[in-house]
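Student: One structure, pasted below without further comment.
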Amino acid sequence: MPIPTLARATSLLLAATLLITSCQQKPDAASAPGSTAPDATPSAYLRPFESGVRNGGVKMIPIKTPKGTFNVWTKRFGTGKIKVLLLHGGPAMTHEYFECFESFFPQEGIEFYEYDQLGSYYSDQPKDDDLWRTERFVDEVEQVRQALGIDKFYVLGHSWGGILALEYALKHQDHLAGLVISNMVASIPRYDAYNKTLRAQLRPTLLDSLEKFEAVKDYHNPTYEGLVFKNYYSRHLLRLPEMPDPVARSFKHVNQHVYELMQGPNEFKTAGRLLTWDRWNDLGQITVPTLMIGGQYDTMNPKEMEEMSRKVKQGNYLLCPQGSHMSMWDDQQTYFRGLIRFLKSVNDGTFKAGTTL
């Protein structure tokens, strides 16, 4: 679900990833999305969309809340009929780990928006804890949509962003052309149960060591964090031999307070405000075309992601066989090939519910 903590130990993160033995995938030039020759890119996509002083598509948007008005950071890429708003995980990670989308969407003429939610690094970070509630984040997304001037757009939510995207769709799906839930099941109790299943697969001596730290709530001990990363997150969070720079920056910039308030101390100990969140039985209310993306090695059960695609009215399913929680990084070709196919099928009217991409 939300991406794990370690904002105060970025160097430990980078060292831990070097212990991963899997090999990075090399793009298949013949079949990879985004392989279109640069001169085939629609000229309209590159047409300037800013007036006055141009700042690369960055727009700070004022968000009205019961606690005052604050600013959130957004960045637009290109101009196209397909418009996608990206909702990052955490809570309180950043847009930075979505920077890989910049290597795939522009070649396909897809207009998209990166966005740091309130409390995240590039946006305002007010201190009032009453702000960190799911319903307020949903209202924030709608204010962002209005300020960006987009309608009949696609929202893609990853991890905690998947929770936010689902809640947004349940309230505002009249504004959506489609919905993408990436690496997030529609129930925290189900997520928590699957995490326990994965944890039980660890060797008994390691579990004993983890439990000693957890018994005294010493979750930020460097030894404990190192054990978790080396033995668990390297299998189920990100299966690459080195951590890509955008991911490392996103970890470095996490708002630890907001993360723990909503999620809990770490992936093993869900204890925050999201503890009882469950929309499993409400999935049938989603009527817009929807893509569920699962990773074979994810912290989310890929079978439940597939089941979610059947519970919505018009669902497709995409399994990333080499992917973990961050499948957009460790199974990129599968992830973006399927995602782009979904977006284009809805846009051109060829979408078929019940399809496995």
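We name chains A, B, ... following the order of the structure tokens; residues begin at 1 in each chain, and ligands are numbered from 1 as shown.
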I'd like the neighbourhood of Ser123 (chain A) as JSON, numbers by chain, where a residue qualifies if any of its atoms comes within 7 Å (using only C-alpha atoms), though same-chain residues fewer than 6 positions away should be ignored.

Tutor: {"A": [71, 72, 73, 116, 117]}

Student: Give me, as a PyMOL selection string, all polymer residues having an atom no more than 9 Å from region 289-298 of chain A, counting only C-alpha atoms and skipping those fewer than 5 positions away in the same chain.

Tutor: chain A and resi 177-184+235-239+303-306+308-309+312-327+331+335+338-339+342+346+351-353

Student: Report, in Å with one decimal, the straight-line distance from CA of Ala44 (chain A) to CA of Ile82 (chain A).

Tutor: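 CA of Ile82 (chain A) lies 12.7 Å from CA of Ala44 (chain A).
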
Student: Measuring between only C-alpha atoms, which one of A:Gly89, A:Gly349, A:Pro189, A:Pro265 shows the shortest distance to Val247 (chain A)?

Tutor: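 With only C-alpha atoms as the atom set, the closest residue is A:Gly89.
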
Student: Quick check, in Å to one decimal: how far apart do CA of Asn195 (chain A) and CA of Met300 (chain A) lie?

Tutor: 7.5 Å

Student: Would you please give, as a PyMOL selection string, all residues of region 70-259 of chain A that DSSP assigns to helix (DSSP H, G or I) based on the backbone?

Tutor: chain A and resi 95-103+106-108+129-131+134-148+160-175+188-199+204-215+222-236+245-252+256-259

Student: Residues at most 10 Å from Gly56 (chain A), counting only C-alpha atoms, excluding those fewer than 3 positions away in the same chain, as an MDAnalysis selection string?

Tutor: chainID A and resid 48:50 53 59 75:77

Student: Store the residues picked out above in a file with all heavy atoms, as a PDB file, in the first residue's frame.

Tutor:
```pdb
ATOM      1  N   PRO A  48       3.099  25.262 -27.520  1.00  0.00           N
ATOM      2  CA  PRO A  48       3.118  25.956 -26.233  1.00  0.00           C
ATOM      3  C   PRO A  48       1.709  26.136 -25.674  1.00  0.00           C
ATOM      4  O   PRO A  48       0.780  26.460 -26.405  1.00  0.00           O
ATOM      5  CB  PRO A  48       3.761  27.308 -26.571  1.00  0.00           C
ATOM      6  CG  PRO A  48       4.567  27.043 -27.803  1.00  0.00           C
ATOM      7  CD  PRO A  48       3.771  26.027 -28.583  1.00  0.00           C
ATOM      8  N   PHE A  49       1.563  25.904 -24.389  1.00  0.00           N
ATOM      9  CA  PHE A  49       0.247  26.064 -23.759  1.00  0.00           C
ATOM     10  C   PHE A  49       0.279  27.111 -22.651  1.00  0.00           C
ATOM     11  O   PHE A  49      -0.715  27.326 -21.967  1.00  0.00           O
ATOM     12  CB  PHE A  49      -0.240  24.722 -23.182  1.00  0.00           C
ATOM     13  CG  PHE A  49       0.751  24.025 -22.290  1.00  0.00           C
ATOM     14  CD1 PHE A  49       0.941  24.414 -20.977  1.00  0.00           C
ATOM     15  CD2 PHE A  49       1.501  22.971 -22.784  1.00  0.00           C
ATOM     16  CE1 PHE A  49       1.847  23.770 -20.156  1.00  0.00           C
ATOM     17  CE2 PHE A  49       2.413  22.304 -21.980  1.00  0.00           C
ATOM     18  CZ  PHE A  49       2.594  22.702 -20.654  1.00  0.00           C
ATOM     19  N   GLU A  50       1.420  27.776 -22.473  1.00  0.00           N
ATOM     20  CA  GLU A  50       1.552  28.793 -21.428  1.00  0.00           C
ATOM     21  C   GLU A  50       1.568  30.181 -22.055  1.00  0.00           C
ATOM     22  O   GLU A  50       2.029  30.367 -23.178  1.00  0.00           O
ATOM     23  CB  GLU A  50       2.848  28.582 -20.641  1.00  0.00           C
ATOM     24  CG  GLU A  50       2.937  27.250 -19.917  1.00  0.00           C
ATOM     25  CD  GLU A  50       4.307  27.000 -19.326  1.00  0.00           C
ATOM     26  OE1 GLU A  50       5.275  26.850 -20.096  1.00  0.00           O
ATOM     27  OE2 GLU A  50       4.404  26.972 -18.090  1.00  0.00           O
ATOM     28  N   VAL A  53       5.343  34.523 -18.865  1.00  0.00           N
ATOM     29  CA  VAL A  53       6.608  33.863 -18.574  1.00  0.00           C
ATOM     30  C   VAL A  53       6.368  32.358 -18.477  1.00  0.00           C
ATOM     31  O   VAL A  53       5.556  31.900 -17.684  1.00  0.00           O
ATOM     32  CB  VAL A  53       7.222  34.387 -17.251  1.00  0.00           C
ATOM     33  CG1 VAL A  53       8.510  33.622 -16.927  1.00  0.00           C
ATOM     34  CG2 VAL A  53       7.508  35.876 -17.356  1.00  0.00           C
ATOM     35  N   LYS A  59       2.538  24.793 -12.213  1.00  0.00           N
ATOM     36  CA  LYS A  59       1.479  25.694 -11.744  1.00  0.00           C
ATOM     37  C   LYS A  59       1.209  25.409 -10.278  1.00  0.00           C
ATOM     38  O   LYS A  59       0.928  24.269  -9.902  1.00  0.00           O
ATOM     39  CB  LYS A  59       0.208  25.486 -12.561  1.00  0.00           C
ATOM     40  CG  LYS A  59      -0.950  26.411 -12.178  1.00  0.00           C
ATOM     41  CD  LYS A  59      -2.159  26.186 -13.081  1.00  0.00           C
ATOM     42  CE  LYS A  59      -3.289  27.141 -12.756  1.00  0.00           C
ATOM     43  NZ  LYS A  59      -4.464  26.930 -13.649  1.00  0.00           N
ATOM     44  N   LYS A  75       2.543  20.019 -12.464  1.00  0.00           N
ATOM     45  CA  LYS A  75       3.341  20.230 -13.676  1.00  0.00           C
ATOM     46  C   LYS A  75       2.658  19.526 -14.838  1.00  0.00           C
ATOM     47  O   LYS A  75       2.361  18.336 -14.745  1.00  0.00           O
ATOM     48  CB  LYS A  75       4.759  19.702 -13.507  1.00  0.00           C
ATOM     49  CG  LYS A  75       5.670  19.927 -14.725  1.00  0.00           C
ATOM     50  CD  LYS A  75       7.078  19.415 -14.438  1.00  0.00           C
ATOM     51  CE  LYS A  75       7.980  19.504 -15.682  1.00  0.00           C
ATOM     52  NZ  LYS A  75       8.303  20.912 -16.009  1.00  0.00           N
ATOM     53  N   ARG A  76       2.431  20.277 -15.892  1.00  0.00           N
ATOM     54  CA  ARG A  76       1.775  19.750 -17.085  1.00  0.00           C
ATOM     55  C   ARG A  76       2.795  19.370 -18.151  1.00  0.00           C
ATOM     56  O   ARG A  76       3.797  20.070 -18.354  1.00  0.00           O
ATOM     57  CB  ARG A  76       0.816  20.798 -17.653  1.00  0.00           C
ATOM     58  CG  ARG A  76       0.197  20.418 -19.008  1.00  0.00           C
ATOM     59  CD  ARG A  76      -0.758  21.491 -19.476  1.00  0.00           C
ATOM     60  NE  ARG A  76      -1.146  21.288 -20.872  1.00  0.00           N
ATOM     61  CZ  ARG A  76      -2.049  22.031 -21.512  1.00  0.00           C
ATOM     62  NH1 ARG A  76      -2.671  23.008 -20.868  1.00  0.00           N
ATOM     63  NH2 ARG A  76      -2.337  21.800 -22.778  1.00  0.00           N
ATOM     64  N   PHE A  77       2.506  18.274 -18.854  1.00  0.00           N
ATOM     65  CA  PHE A  77       3.323  17.830 -19.972  1.00  0.00           C
ATOM     66  C   PHE A  77       2.446  17.710 -21.218  1.00  0.00           C
ATOM     67  O   PHE A  77       1.522  16.899 -21.255  1.00  0.00           O
ATOM     68  CB  PHE A  77       3.968  16.469 -19.673  1.00  0.00           C
ATOM     69  CG  PHE A  77       4.976  16.495 -18.566  1.00  0.00           C
ATOM     70  CD1 PHE A  77       4.559  16.442 -17.242  1.00  0.00           C
ATOM     71  CD2 PHE A  77       6.332  16.581 -18.835  1.00  0.00           C
ATOM     72  CE1 PHE A  77       5.490  16.477 -16.208  1.00  0.00           C
ATOM     73  CE2 PHE A  77       7.270  16.608 -17.818  1.00  0.00           C
ATOM     74  CZ  PHE A  77       6.846  16.561 -16.492  1.00  0.00           C
TER      75      PHE A  77
END
```

Student: For each of A:Thr134, A:Ser250, A:Thr287, A:Ser51, take the minimum atom-to-atom distance to Glu99 (chain A), counting only C-alpha atoms, then give the residue where this is smallest.

Tutor: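 Ranking A:Thr134, A:Ser250, A:Thr287, A:Ser51 by distance to Glu99 (chain A), first place goes to A:Ser250.
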
Student: Could you check which of A:His95, A:Arg279, A:Arg249, A:Lys64 is closest to Ile188 (chain A), using only C-alpha atoms?

Tutor: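 Of all the options, A:Arg279 lies closest to Ile188 (chain A).
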
Student: What does the distance between CA of Leu85 (chain A) and CA of Phe101 (chain A) come to in Å, to one decimal place?

Tutor: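 A separation of 11.5 Å between them.
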
Student: Considering only C-alpha atoms, can you say which of A:Gly52, A:Gly157, A:Gly119, A:Pro106 comes closest to His88 (chain A)?

Tutor: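 Smallest separation from His88 (chain A) among the options: A:Gly157.
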
Student: Please determine, counting only C-alpha atoms, which residue among A:Thr299, A:Leu164, A:Gln173, A:Gly264 has the shortest atom-to-atom distance to Ser234 (chain A).

Tutor: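 Smallest separation from Ser234 (chain A) among the options: A:Thr299.
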